[in-house]
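Here's the structure, in structure tokens; my notes come after.
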Amino acid sequence: MAEKIELKVMGITYNPVQTGAYALLLREVGGPYRIPIVVGLAEAQAIAMRLENIVPPRPMSHDLMVSMMHAYGISLDEVFIYKFSDGVFMSELKLNDGERQITLDSRTSDAVALALRTGSPIFTTPEIIDKTGILMEAKEADGTPVARQAHKPLEEQPIEVLQRRMAKYVEDEEYERAAEIQKIIKARTQHQGPQSNENGTTKK
């Protein structure tokens, strides 16, 4: 059985780098790592409502799904974030009806929304933690932790990770740090030069 690391939901924040997007922040249980996941407005609302214990007048989609699961005796044993590829986190729902164990593919945002409503655990792999985790260890003069990517220097980190870090710094009003990352992103983008599209023509 592959090693799994349990995660907990920390909250939802607005992502200033990507218009109309929000960041779902997960933390490693018993560890220093945090994983930010970009989600849309509807998914962010579904997660935030549960975190804030807001009960809508009519059931929303995830509430309805949980009601159907309960009606048919289906439980959600766990959510497993098993892969990260091209900036996308991929997840599975581990379901159980008492006789069968079924695994279904799911968007991570939907999986987390269901896990919050059923009290189910959320897991990921050490590889995903290593690739996308942000290590909370360095501190400012006032003791505030500063997020930094583990293992790799800034210049070697994926663009999407740099963008998430920049968004976090902007949110925390650490504009100098955000500007440093913006310079790295700009330099790497310019270094890549013009790219060709599927028809072979060059993008300006």
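The way I read the labels, and the way they are meant: chains A, B, ... in the order of the structure tokens, residue 1 as the first residue of every chain, and ligand 1 as the first ligand shown, with later ones counted on from there.
Using only C-alpha atoms, the contacts of A:Met65 at a cut-off of 12 Å, with sequence neighbours closer than 4 positions omitted, comprise Pro59, Met60, Ser61, Met69, His70, Ala71, Tyr72, Ile74, Ser75, Leu76, Asp110, Ala111, Ala113, Leu114, Ala115, Arg117 and Thr118 of chain A.
Each of A:Leu64, A:Ile159, A:Ala167, A:Leu116 was checked against A:Met49 using only C-alpha atoms; the smallest atom-to-atom distance is that of A:Leu116.
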task: Tell me which of A:Leu41, A:Val55, A:Ile128, A:Met10 sits closest to A:Ile81, counting only C-alpha atoms.
output: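 Once distances to A:Ile81 are computed over only C-alpha atoms, the minimum belongs to A:Ile128.
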Name all residues at most 12 Å from stretch 129-132 of chain A (count only C-alpha atoms; drop same-chain ones fewer than 4 positions away) and give them as a PyMOL selection string. chain A and resi 3-7+25-29+31-37+81-89+123-125+148-152+156-165
Would you export the selected residues with C-alpha atoms as a CSV table (one decimal), in the first residue's frame, please?
```csv
chain,number,residue,atom,x,y,z
A,3,GLU,CA,2.2,5.8,1.8
A,4,LYS,CA,-0.4,8.5,2.3
A,5,ILE,CA,-0.3,11.8,4.1
A,6,GLU,CA,-3.4,13.2,5.6
A,7,LEU,CA,-4.5,16.8,4.9
A,25,LEU,CA,-5.5,25.9,1.2
A,26,LEU,CA,-4.8,22.4,2.6
A,27,ARG,CA,-2.3,21.7,5.4
A,28,GLU,CA,-0.3,18.5,6.2
A,29,VAL,CA,-1.5,16.9,9.4
A,31,GLY,CA,3.7,18.5,9.3
A,32,PRO,CA,4.8,22.0,8.1
A,33,TYR,CA,3.6,21.8,4.5
A,34,ARG,CA,0.7,23.6,2.9
A,35,ILE,CA,-0.9,23.0,-0.5
A,36,PRO,CA,-2.7,25.7,-2.4
A,37,ILE,CA,-5.2,24.6,-5.0
A,81,ILE,CA,-5.5,13.4,-4.1
A,82,TYR,CA,-3.3,11.0,-6.1
A,83,LYS,CA,-1.8,13.0,-8.9
A,84,PHE,CA,-0.6,16.5,-9.9
A,85,SER,CA,0.0,17.1,-13.7
A,86,ASP,CA,0.1,20.2,-15.8
A,87,GLY,CA,-1.1,22.3,-12.8
A,88,VAL,CA,-4.1,20.1,-12.1
A,89,PHE,CA,-4.7,18.1,-9.0
A,123,PHE,CA,-5.1,12.1,1.8
A,124,THR,CA,-2.3,12.7,-0.7
A,125,THR,CA,1.1,11.3,-1.6
A,148,ARG,CA,8.6,29.1,0.9
A,149,GLN,CA,8.8,26.1,-1.5
A,150,ALA,CA,10.7,23.2,0.0
A,151,HIS,CA,13.8,21.7,-1.6
A,152,LYS,CA,14.0,23.8,-4.8
A,156,GLU,CA,13.7,26.1,-10.5
A,157,GLN,CA,10.1,26.0,-9.3
A,158,PRO,CA,7.2,25.5,-11.7
A,159,ILE,CA,5.5,28.6,-13.0
A,160,GLU,CA,2.2,27.7,-11.4
A,161,VAL,CA,3.8,27.3,-8.0
A,162,LEU,CA,5.5,30.7,-8.4
A,163,GLN,CA,2.1,32.2,-9.3
A,164,ARG,CA,0.5,30.7,-6.2
A,165,ARG,CA,3.3,32.0,-4.0
```
Nearest to A:Val9 by atom-to-atom distance, counting only C-alpha atoms, from A:Met68, A:Gly98, A:Met90, A:Ser120:
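When distances to A:Val9 are compared using only C-alpha atoms, the smallest one comes from A:Ser120.
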If you run DSSP over the backbone, which residues in stretch 18-108 of chain A end up strand (DSSP E or B)? Put them as a PyMOL selection string. chain A and resi 21-28+33-40+75-85+88-96+101-107
re atom CA of A:His62 and atom CA of A:Gly133: distance 27.2 Å
So which one's closest to A:Val79, A:Val66, A:Ala48, A:Ile122, A:Leu104? Using only C-alpha atoms, please.
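Answer, going by the shortest atom-to-atom distance: A:Ile122.
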Q) What gap, in Å, lies between atom CA of A:Gln190 and atom CA of A:Glu176? A)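 Computing it gives 21.2 Å between the two atoms.
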From atom CA of A:Leu93 to atom CA of A:Ser106 the spacing works out at 6.6 Å
If you count only C-alpha atoms, the residue of A:Ile134, A:Val112, A:Ile54, A:Met166 closest to A:Lys183 turns out to be A:Met166
Write out as an mmCIF file with C-alpha atoms, in the first residue's frame all residues of stretch 35-164 of chain A that backbone DSSP assigns to alpha helix (DSSP H).
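Wrote selection.cif, looks like this:
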```cif
data_model
loop_
_atom_site.group_PDB
_atom_site.id
_atom_site.type_symbol
_atom_site.label_atom_id
_atom_site.label_comp_id
_atom_site.auth_asym_id
_atom_site.auth_seq_id
_atom_site.Cartn_x
_atom_site.Cartn_y
_atom_site.Cartn_z
ATOM 1 C CA LEU A 41 -16.166 30.653 -7.552
ATOM 2 C CA ALA A 42 -18.932 28.020 -7.259
ATOM 3 C CA GLU A 43 -16.588 25.451 -5.733
ATOM 4 C CA ALA A 44 -15.124 28.045 -3.367
ATOM 5 C CA GLN A 45 -18.625 28.988 -2.191
ATOM 6 C CA ALA A 46 -19.556 25.335 -1.606
ATOM 7 C CA ILE A 47 -16.451 24.799 0.532
ATOM 8 C CA ALA A 48 -16.664 28.130 2.374
ATOM 9 C CA MET A 49 -20.342 27.622 3.273
ATOM 10 C CA ARG A 50 -19.524 24.336 4.957
ATOM 11 C CA LEU A 51 -16.492 25.762 6.757
ATOM 12 C CA SER A 61 -25.459 20.222 -5.333
ATOM 13 C CA HIS A 62 -22.988 18.763 -2.811
ATOM 14 C CA ASP A 63 -25.629 18.675 -0.078
ATOM 15 C CA LEU A 64 -27.944 16.783 -2.422
ATOM 16 C CA MET A 65 -25.199 14.306 -3.291
ATOM 17 C CA VAL A 66 -24.560 13.596 0.393
ATOM 18 C CA SER A 67 -28.296 13.141 1.030
ATOM 19 C CA MET A 68 -28.494 10.629 -1.836
ATOM 20 C CA MET A 69 -25.462 8.757 -0.494
ATOM 21 C CA HIS A 70 -27.060 8.497 2.934
ATOM 22 C CA ALA A 71 -30.394 7.411 1.457
ATOM 23 C CA THR A 108 -10.477 17.905 -6.207
ATOM 24 C CA SER A 109 -12.749 20.820 -5.317
ATOM 25 C CA ASP A 110 -15.852 18.585 -5.437
ATOM 26 C CA ALA A 111 -14.073 15.855 -3.483
ATOM 27 C CA VAL A 112 -13.087 18.285 -0.724
ATOM 28 C CA ALA A 113 -16.611 19.750 -0.585
ATOM 29 C CA LEU A 114 -18.006 16.238 -0.079
ATOM 30 C CA ALA A 115 -15.352 15.321 2.481
ATOM 31 C CA LEU A 116 -16.238 18.376 4.567
ATOM 32 C CA ARG A 117 -19.919 17.418 4.535
ATOM 33 C CA THR A 118 -19.306 13.793 5.506
ATOM 34 C CA PRO A 126 4.561 12.284 -0.412
ATOM 35 C CA GLU A 127 5.395 13.005 -4.071
ATOM 36 C CA ILE A 128 2.633 15.602 -4.333
ATOM 37 C CA ILE A 129 3.686 17.170 -1.040
ATOM 38 C CA ASP A 130 7.262 17.372 -2.335
ATOM 39 C CA LYS A 131 6.203 18.815 -5.690
ATOM 40 C CA THR A 132 3.562 21.342 -4.635
ATOM 41 C CA ILE A 159 5.508 28.634 -13.000
ATOM 42 C CA GLU A 160 2.151 27.672 -11.432
ATOM 43 C CA VAL A 161 3.818 27.272 -8.024
ATOM 44 C CA LEU A 162 5.467 30.679 -8.365
ATOM 45 C CA GLN A 163 2.119 32.226 -9.292
ATOM 46 C CA ARG A 164 0.476 30.747 -6.198
#
```
